[in-house]
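S.K.: Could you have a look at this structure, given as structure tokens, before my questions?
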Amino acid sequence: MTAILTSFQLAVGCDVPFLVTQYTDEHGLPQNSIKGIGQDNLGFVWLISEKGPVRYDGQGQFKTFDDLSGVLKTIRMSALYSGERPDELWAKSEYGELVLLKNGNAQVPQKTPYGIASNFALYYPENPHYNLSLPSPYQTDIPSHVFVPDGLEGGFIVSRDSISRIGEDGKPSNAVYFPNASPWDFAGYQGKLIYFGKTLDYVEIGSDFQLKKKKISGDILQLPHHTRFSIYWNTASNQLFIYAASNLYHLAEIEDGKLHSTLLLTGFDFVKNDIITACYLESQEQLLLGSATKGLFVIKRKHFRSLGVGDQYSSSVYYNQTHLPNGLLATDHGVTFDQSGHPNFSSISQLDNPKYGQILGPDGNLWVLQSKRLLIITTDLKRVIGTKPFPALPRVAFKDDSSNYWFGGEKGALLRYDADADTFRTEASFPGMVTYLERKSDSALLVGTKEGLFVFNTINGSQQEILLFKGKQIRSIRNESDHRYWITTYQYGFFLYENGEVTDFPLDQNNYLKASHCTLEDQNGFLWISTNKGLFKVSKQQLLNYRSDHRQEPFYFYYDKQWGFETNEFNGGCEPCAIRLPNGHFSFPSLNGLVQFNPLAIKDGFPTDAIILDQVTLNGKSLPIRDTLQIPRHFTRLDLKIALPFYGNPHNIQIEYRLDNGAVIPNEWLPISNSENTLSFNELAAGNHEIRIRMRKDISPTAFHYATFHLYKTPFFHETGWFTAILCLFIGVLIWLISYVRTQFVLNQNRRLTQKVNERTADLKRQYDWQLRLSASITHDIRTPLNYVVKALQRMKQTAKTQDFLPDEMEQIYRSTEHIYHYSNNLTRLAKVSLTKEWLTFSDVCLHSVTQNQINTFTSLATSRGNVINNYIPVGTIVYSHADVLSIILHNVLDNAIKFTEHGEITLSVENEPASLVMLRITDTGVGLHPEQTESYNDAGATTPIAARNGRHPGLGLLLVKDMARLIQADSTMDSVPGHGTTVTFALHRYGH
């Protein structure tokens with residue numbers, strides 16, 4: 001439920017500087033009796049009630065500690081005080097049991113804390129009395145001895161006629177005579193005992209035990225000297241207050257040792273509201289008051305004031321403001337405000353016609369824009385001087401640096417006032433109503449409309465639209481310089497227009513900045529932006545950083561009604577949109593008054609660095625909070641609630657978290673956006689987890705407080721370390737076993753392969769040996785007899801020739817036998833080359849000699865077929881090759897050429913292109929080969945004999961020629977035309993590589 005918000009109006013137009021929020025049992029308090037208020041070491045506020053201690057986090061959230069009821073005899077608390085250690089806060093039950101309030105938690109100590117108060121209890125075992133707060137709940141009881149702590153580490157014993165100092169052992173010492181009517185008029189403060197009488201005079205007893213009479217100074221002196229007052233003493237916060245004449249004053253010791261009073265609150269009735277304790281959070285400028293029957297009152301000082309006229313005027317909606325020469329602030333209602341904020345009514349405030357804008361005219365009077373005219377009024381707003389007809393429904397007015405007056409009309413007209421002719425001249429027309437005018441340069445205006453933003457040249461009348469604002473309604477334009485403009489729009493946020501470039505800024509987390517109205521810049525470099533949902537402040541430097549690097553998003557500090565507005569909805573659509581007053585204060589129009597404030601005096605509230613893990617709930621059941629939370633394997637929902645003391649606007653807290661389980665993911669921060677500050681998880685991986693929390697600590701975009709919490713989820717058996725170790729061991733053994741089996745298999749395969757290789761090698765060796773024997777056999781059994789036959793036939797030929805008897809048949813037998821001999825000799829040499837390539841060595845070969853030897857072999861055969869063999873190879877032609885293989889190649893080619901040539905010509909020639917090669921060509925004029933046969937020869941991959949064509953088969957010789965050409969690293973090609981002969985070309989190397 002929403003807390004009760006109480007406001008106080010002292011007089012018409014006077015804005016009360018306080019906001020009062022009341023919390024009762026309807027808002028989370030266990031009950032409505034608050035007997036003590038204090039802060040622990042982390043900044044959490046603690047309340048004591050009749051249902052135990054209550055922790056207040058500052059955002060209307062209260063936590064009770066129900067588990068104390070099972071430990072204490074009673075949870076009804078009677079006192080709250082700070083311990084002798086500075087970081088301890090103690091709550092005391094009605095039975096004297098103590099509860100330690102520390103680190104945001106309440107717990108019962110196992111042993112009674114040691115200290116002077118405890119020793120005093122031992123020295124006075126029979127029902128000792130303590131004065132731990134004022135006003136005392138025991139005003140009517142007058143015990144014989146009362147212990148009063150001094151606010152530091154000591155205390156005093158007050159009796160009816162004397163005062164004693166208490167030593168560390170709890171025994172009284174240094175007694176001084178001091179008769180008094182009641183021990184409840186004493187309070188301890190800063191190591192001293194103070195006695196308050198019926199006047200503002202008081203008696204101080206210090207460490208020297210001298211009685212010193214002093215007088216309270218400060219704001220309280222404005223009251224009559226004999227004003228009745230009450231003392232409020234809070235030992236939990238070591239604070240003193242005086243309540244007098246419905247005012248509350250804070251007492252503090254100043255340099256001269258006196259108590260000085262500062263007015264904190266006016267107009268609040270302590271008696272009516274049954275206030276029994278007070279605590280002032282000075283850094284937050286908040287006052288907490290505890291009531292015996294009405295709960296907790298939280299009183300905040302307003303940082304803003306709203307100027308209005310109350311019920312004396314039908315409307316509290318404000319737009320235009322004009323600061324007049326007489327120091328008054330004129331509004332569009334015709335009402336003026338003085339520097340104190342008091343309203344002054346004038347006769348024009350009763351005019352019925354609407355007032356859309358106003359400006360101090362060239363005549364020094366106030367020109368008020370109405371529907372179809374300008375109303376001219378004296379600056380004291382007492383007399384209407386006259387009117388001027390206006391042709392275009394005026395909406396905004398602007399005076400440039402050249403004292404020209406410009407006016408924007410409702411239908412987009414831009415007019416200039418011609419003082420010489422006392423008339424308004426239309427200078428331009430724009431789409432949509434003109435909403436704002438601002439200087440661009442000496443010769444240009446920025447014209448904002450409902451449809452966009454334009455640059456108007458005041459010299460030549462041209463206009464240029466700034467396309468990035470097309471379709472956007474301009475609310476205001478603020479000229480920081482002739483190159484930089486801050487522009488607000490309706491529903492599109494705010495922009496920076498600088499040097500022709502437009503920067504669109506990101507919105508706040510609730511998108512309130514979409515409807516931005518006005519901007520002003522204070523002396524500390526912050527921009528203040530009014531919207532339909534409150535007021536924002538942002539560092540201009542952060543905005544400029546964002547312009548350069550969009551990763552550096554700015555932080556927007558948010559202000560709403562909790563800071564003192566009457567409404568969160570500000571106004572725009574007027575010129576000027578907001579103004580800076582002569583005293584440096586800002587004034588923004590709103591739906592309920594003019595909101596004014598000193599921007600340099602506003603204190604931004606951010607949380608301290610206290611973040612605690614407040615509650616852990618697993619599947620709806622609470623778990624104890626430990627350093628490391630143990631989470632079972634199976635769970636449905638895990639809720640982690642954090643708590644922090646913060647007494648400002650929750651919009652500015654900005655808490656984010658990151659879950660880290662070992663994998664570092666930078667910048668993966670997720671917002672904690674719910675009001676309960678609770679993280680929920682439905683599943684977690686097994687093992688250790690680190691939950692990191694960060695919370696903004698100031699307006700800088702990178703300033704955060706950090707906290708870390710640890711979780712450990714019990715792993716399943718297959719997620720444990722020993723299971724992983726066994727699994728890794730098993731996988732390792734399995735891999736080793738597979739590798740071993742695979743290795744053995746490969747070794748067996750290698751052995752079998754080696755055996756087959758050896759067997760094949762033996763077969764090849766046998767075949768090689770057989771071929772060697774065959775070659776030897778051919779040499780011995782064929783070549784030798786054949787050589788003998790050739791030589792015998794040669795001698796027979798010579799004998800027959802001498803006897804002049806040489807028949808042709810004998811000549812043919814001789815040539816055929818000689819051919820067979822040479823062919824068998826070539827085959828033998830070819831077999832050796834094929835089997836033993838290691839002896840295939842290259843050397844310089846005389847190409848003419850090799851070819852001529854082969855020609856000599858075939859001369860008789862060629863002659864018998866009517867062919868002529870021509871050797872055109874120069875005698876000195878040398879190639880780098882193998883003579884025997886080259887001879888075999890030439891033998892086969894010539895044999896083939898002679899075989900398919902009849903009565904023709906066979907020519908051998910060379911060409912030296914390129915220079916490193918010798919192109920040997922053998923050309924015949926025989927029958928030639930068909931294209932498919934030529935293609936088969938030129939195919940480097942062909943391994944089968946060239947096919948026969950028309951009964952003619954080129955034979956195995958050409959295939960052998962290709963193979964032998966490869967042996968001597970010579971490329972061979974064939975060109976043939978059927979019926980016209982064949983040319984075989986060999987590319988022989990001239991030099992060795």
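In the structure tokens, chains take letters A, B, ... by order of appearance, with residues numbered from 1 within each chain and ligands from 1 in the order shown.
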Just asking: which residues within region 309-551 of chain A are alpha helix (DSSP H) according to DSSP, as a list in words?
M.R.: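 Answer for region 309-551 of chain A restricted to alpha helix (DSSP H) is Lys540, Gln541, Gln542, Leu543, Leu544, Asn545, Tyr546, Arg547 and Ser548 of chain A.
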S.K.: Show which residues sit within 8 Å of Ala643 (chain A), as a list of chain:residue names. Count only C-alpha atoms, and ignore same-chain residues fewer than 6 positions away.
M.R.: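 Listed by chain and then number, they are A:Asp57, A:Ile611, A:Ile612, A:Leu613, A:Asp614, A:Asn677.
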S.K.: Suppose you want the space between CA of Ser371 (chain A) and CA of Pro394 (chain A); what is it in Å?
M.R.: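 Result for CA of Ser371 (chain A) versus CA of Pro394 (chain A): 6.7 Å, one decimal.
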S.K.: Quick check, in Å to one decimal: how far apart do CA of Tyr546 (chain A) and CA of His517 (chain A) lie?
M.R.: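 If I compute the distance from CA of Tyr546 (chain A) to CA of His517 (chain A), I get 21.0 Å.
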S.K.: Within 12 Å of Leu623 (chain A), counting only C-alpha atoms, which residues qualify if same-chain residues fewer than 6 places away don't, as a PyMOL selection string?
M.R.: chain A and resi 613-617+629-632+638-641
S.K.: With N, CA, C and O atoms retained, write the just-selected residues as an mmCIF file, in the first residue's frame.
M.R.:
```
data_model
loop_
_atom_site.group_PDB
_atom_site.id
_atom_site.type_symbol
_atom_site.label_atom_id
_atom_site.label_comp_id
_atom_site.auth_asym_id
_atom_site.auth_seq_id
_atom_site.Cartn_x
_atom_site.Cartn_y
_atom_site.Cartn_z
ATOM 1 N N LEU A 613 23.094 -9.825 1.752
ATOM 2 C CA LEU A 613 22.173 -10.890 1.358
ATOM 3 C C LEU A 613 21.192 -11.063 2.494
ATOM 4 O O LEU A 613 21.550 -11.517 3.583
ATOM 5 N N ASP A 614 19.955 -10.682 2.248
ATOM 6 C CA ASP A 614 18.977 -10.551 3.320
ATOM 7 C C ASP A 614 18.149 -11.806 3.530
ATOM 8 O O ASP A 614 17.775 -12.121 4.655
ATOM 9 N N GLN A 615 17.841 -12.512 2.471
ATOM 10 C CA GLN A 615 16.959 -13.680 2.596
ATOM 11 C C GLN A 615 17.226 -14.633 1.439
ATOM 12 O O GLN A 615 17.417 -14.199 0.292
ATOM 13 N N VAL A 616 17.254 -15.913 1.744
ATOM 14 C CA VAL A 616 17.407 -16.956 0.732
ATOM 15 C C VAL A 616 16.232 -17.906 0.858
ATOM 16 O O VAL A 616 15.990 -18.466 1.935
ATOM 17 N N THR A 617 15.507 -18.079 -0.240
ATOM 18 C CA THR A 617 14.330 -18.940 -0.241
ATOM 19 C C THR A 617 14.492 -19.995 -1.316
ATOM 20 O O THR A 617 14.719 -19.663 -2.485
ATOM 21 N N LEU A 629 26.366 -20.514 0.103
ATOM 22 C CA LEU A 629 25.065 -21.163 0.194
ATOM 23 C C LEU A 629 25.122 -22.527 -0.494
ATOM 24 O O LEU A 629 25.555 -22.635 -1.650
ATOM 25 N N GLN A 630 24.683 -23.557 0.218
ATOM 26 C CA GLN A 630 24.661 -24.903 -0.330
ATOM 27 C C GLN A 630 23.289 -25.169 -0.961
ATOM 28 O O GLN A 630 22.256 -25.083 -0.296
ATOM 29 N N ILE A 631 23.296 -25.469 -2.247
ATOM 30 C CA ILE A 631 22.066 -25.695 -3.001
ATOM 31 C C ILE A 631 22.004 -27.168 -3.395
ATOM 32 O O ILE A 631 22.995 -27.709 -3.913
ATOM 33 N N PRO A 632 20.862 -27.842 -3.155
ATOM 34 C CA PRO A 632 20.776 -29.265 -3.518
ATOM 35 C C PRO A 632 20.731 -29.467 -5.034
ATOM 36 O O PRO A 632 20.585 -28.523 -5.808
ATOM 37 N N LEU A 638 14.918 -20.735 -6.776
ATOM 38 C CA LEU A 638 15.817 -20.178 -5.769
ATOM 39 C C LEU A 638 15.699 -18.662 -5.828
ATOM 40 O O LEU A 638 15.903 -18.059 -6.883
ATOM 41 N N ASP A 639 15.340 -18.046 -4.698
ATOM 42 C CA ASP A 639 15.195 -16.595 -4.611
ATOM 43 C C ASP A 639 16.245 -16.040 -3.653
ATOM 44 O O ASP A 639 16.368 -16.511 -2.514
ATOM 45 N N LEU A 640 16.990 -15.049 -4.130
ATOM 46 C CA LEU A 640 17.980 -14.372 -3.314
ATOM 47 C C LEU A 640 17.563 -12.918 -3.197
ATOM 48 O O LEU A 640 17.491 -12.200 -4.198
ATOM 49 N N LYS A 641 17.284 -12.476 -1.990
ATOM 50 C CA LYS A 641 16.858 -11.098 -1.765
ATOM 51 C C LYS A 641 17.999 -10.332 -1.127
ATOM 52 O O LYS A 641 18.557 -10.749 -0.108
#
```
S.K.: Which residues, written as a ChimeraX atom specification, have at least one atom at most 9 Å from Val317 (chain A), with only C-alpha atoms counted and residues fewer than 6 positions away on the same chain left out?
M.R.: /A:333,571,589-594
S.K.: Can you write just those residues out, N, CA and C atoms, as a PDB file, in the first residue's frame?
M.R.:
```pdb
ATOM      1  N   HIS A 333      -0.652  33.968 -16.564  1.00  0.00           N
ATOM      2  CA  HIS A 333      -1.946  34.205 -15.918  1.00  0.00           C
ATOM      3  C   HIS A 333      -2.153  35.677 -15.597  1.00  0.00           C
ATOM      4  N   ASN A 571       5.584  21.540 -18.038  1.00  0.00           N
ATOM      5  CA  ASN A 571       5.018  22.076 -19.274  1.00  0.00           C
ATOM      6  C   ASN A 571       6.117  22.543 -20.216  1.00  0.00           C
ATOM      7  N   PRO A 589       8.069  25.798 -15.757  1.00  0.00           N
ATOM      8  CA  PRO A 589       6.609  25.767 -15.663  1.00  0.00           C
ATOM      9  C   PRO A 589       6.100  24.334 -15.523  1.00  0.00           C
ATOM     10  N   SER A 590       4.989  24.168 -14.816  1.00  0.00           N
ATOM     11  CA  SER A 590       4.401  22.842 -14.642  1.00  0.00           C
ATOM     12  C   SER A 590       2.888  22.954 -14.625  1.00  0.00           C
ATOM     13  N   LEU A 591       2.241  21.800 -14.486  1.00  0.00           N
ATOM     14  CA  LEU A 591       0.780  21.778 -14.419  1.00  0.00           C
ATOM     15  C   LEU A 591       0.268  22.288 -13.084  1.00  0.00           C
ATOM     16  N   ASN A 592       1.170  22.466 -12.118  1.00  0.00           N
ATOM     17  CA  ASN A 592       0.741  22.949 -10.815  1.00  0.00           C
ATOM     18  C   ASN A 592       1.814  23.880 -10.254  1.00  0.00           C
ATOM     19  N   GLY A 593       1.893  25.076 -10.836  1.00  0.00           N
ATOM     20  CA  GLY A 593       2.798  26.092 -10.327  1.00  0.00           C
ATOM     21  C   GLY A 593       4.113  26.149 -11.074  1.00  0.00           C
ATOM     22  N   LEU A 594       4.894  27.150 -10.701  1.00  0.00           N
ATOM     23  CA  LEU A 594       6.249  27.305 -11.219  1.00  0.00           C
ATOM     24  C   LEU A 594       7.210  26.615 -10.257  1.00  0.00           C
TER      25      LEU A 594
END
```
S.K.: My list of candidates is A:Phe900, A:Tyr880, A:Phe337, A:Trp669. Which is closest to Val309 (chain A) when distances are computed with only C-alpha atoms?
M.R.: A:Phe337
S.K.: Can you pull out the residues contacting Ala236 (chain A)? Cut-off 6 Å, using only C-alpha atoms, and skip same-chain residues under 3 positions away; I want them as a ChimeraX atom specification.
M.R.: /A:38,80-82
S.K.: Kindly export the residues of the current selection with N, CA, C and O atoms, as a compact mmCIF listing (two decimals), in the first residue's frame.
M.R.:
```txt
# COMPACT_ATOMS: atom_id res chain seq x y z
N GLY A 38 17.29 4.25 15.45
CA GLY A 38 18.75 4.40 15.35
C GLY A 38 19.26 3.75 14.09
O GLY A 38 18.55 3.00 13.41
N LEU A 80 16.45 1.42 23.02
CA LEU A 80 17.38 1.25 21.92
C LEU A 80 18.54 2.20 22.17
O LEU A 80 18.33 3.40 22.39
N TYR A 81 19.77 1.71 22.19
CA TYR A 81 20.90 2.57 22.49
C TYR A 81 22.15 2.02 21.80
O TYR A 81 22.22 0.85 21.43
N SER A 82 23.13 2.90 21.59
CA SER A 82 24.40 2.49 20.98
C SER A 82 25.29 1.89 22.05
O SER A 82 25.28 2.31 23.20
```
S.K.: Quick one: pick out all strand (DSSP E or B) residues within region 304-388 of chain A from a backbone DSSP run and write them as a count of residues only.
M.R.: 31
S.K.: Residues near Leu100 (chain A), anyone? I mean within 6 Å using only C-alpha atoms, not counting same-chain ones fewer than 2 positions away, as a PyMOL selection string.
M.R.: chain A and resi 90+106-107
S.K.: Smallest atom-to-atom distance to Glu683 (chain A): which of A:Phe635, A:Phe526, A:Phe494, A:Phe606, using only C-alpha atoms?
M.R.: A:Phe635
S.K.: Considering only C-alpha atoms, state which residue in the set A:Thr608, A:Ser675, A:Gln139, A:Ser261 is at the smallest distance from His705 (chain A).
M.R.: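 Of the candidates, the smallest distance to His705 (chain A) is held by A:Thr608.
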S.K.: When you draw a straight line from CA of Lys258 (chain A) to CA of Pro86 (chain A), how long is it in Å?
M.R.: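 Those two atoms sit 23.9 Å apart.
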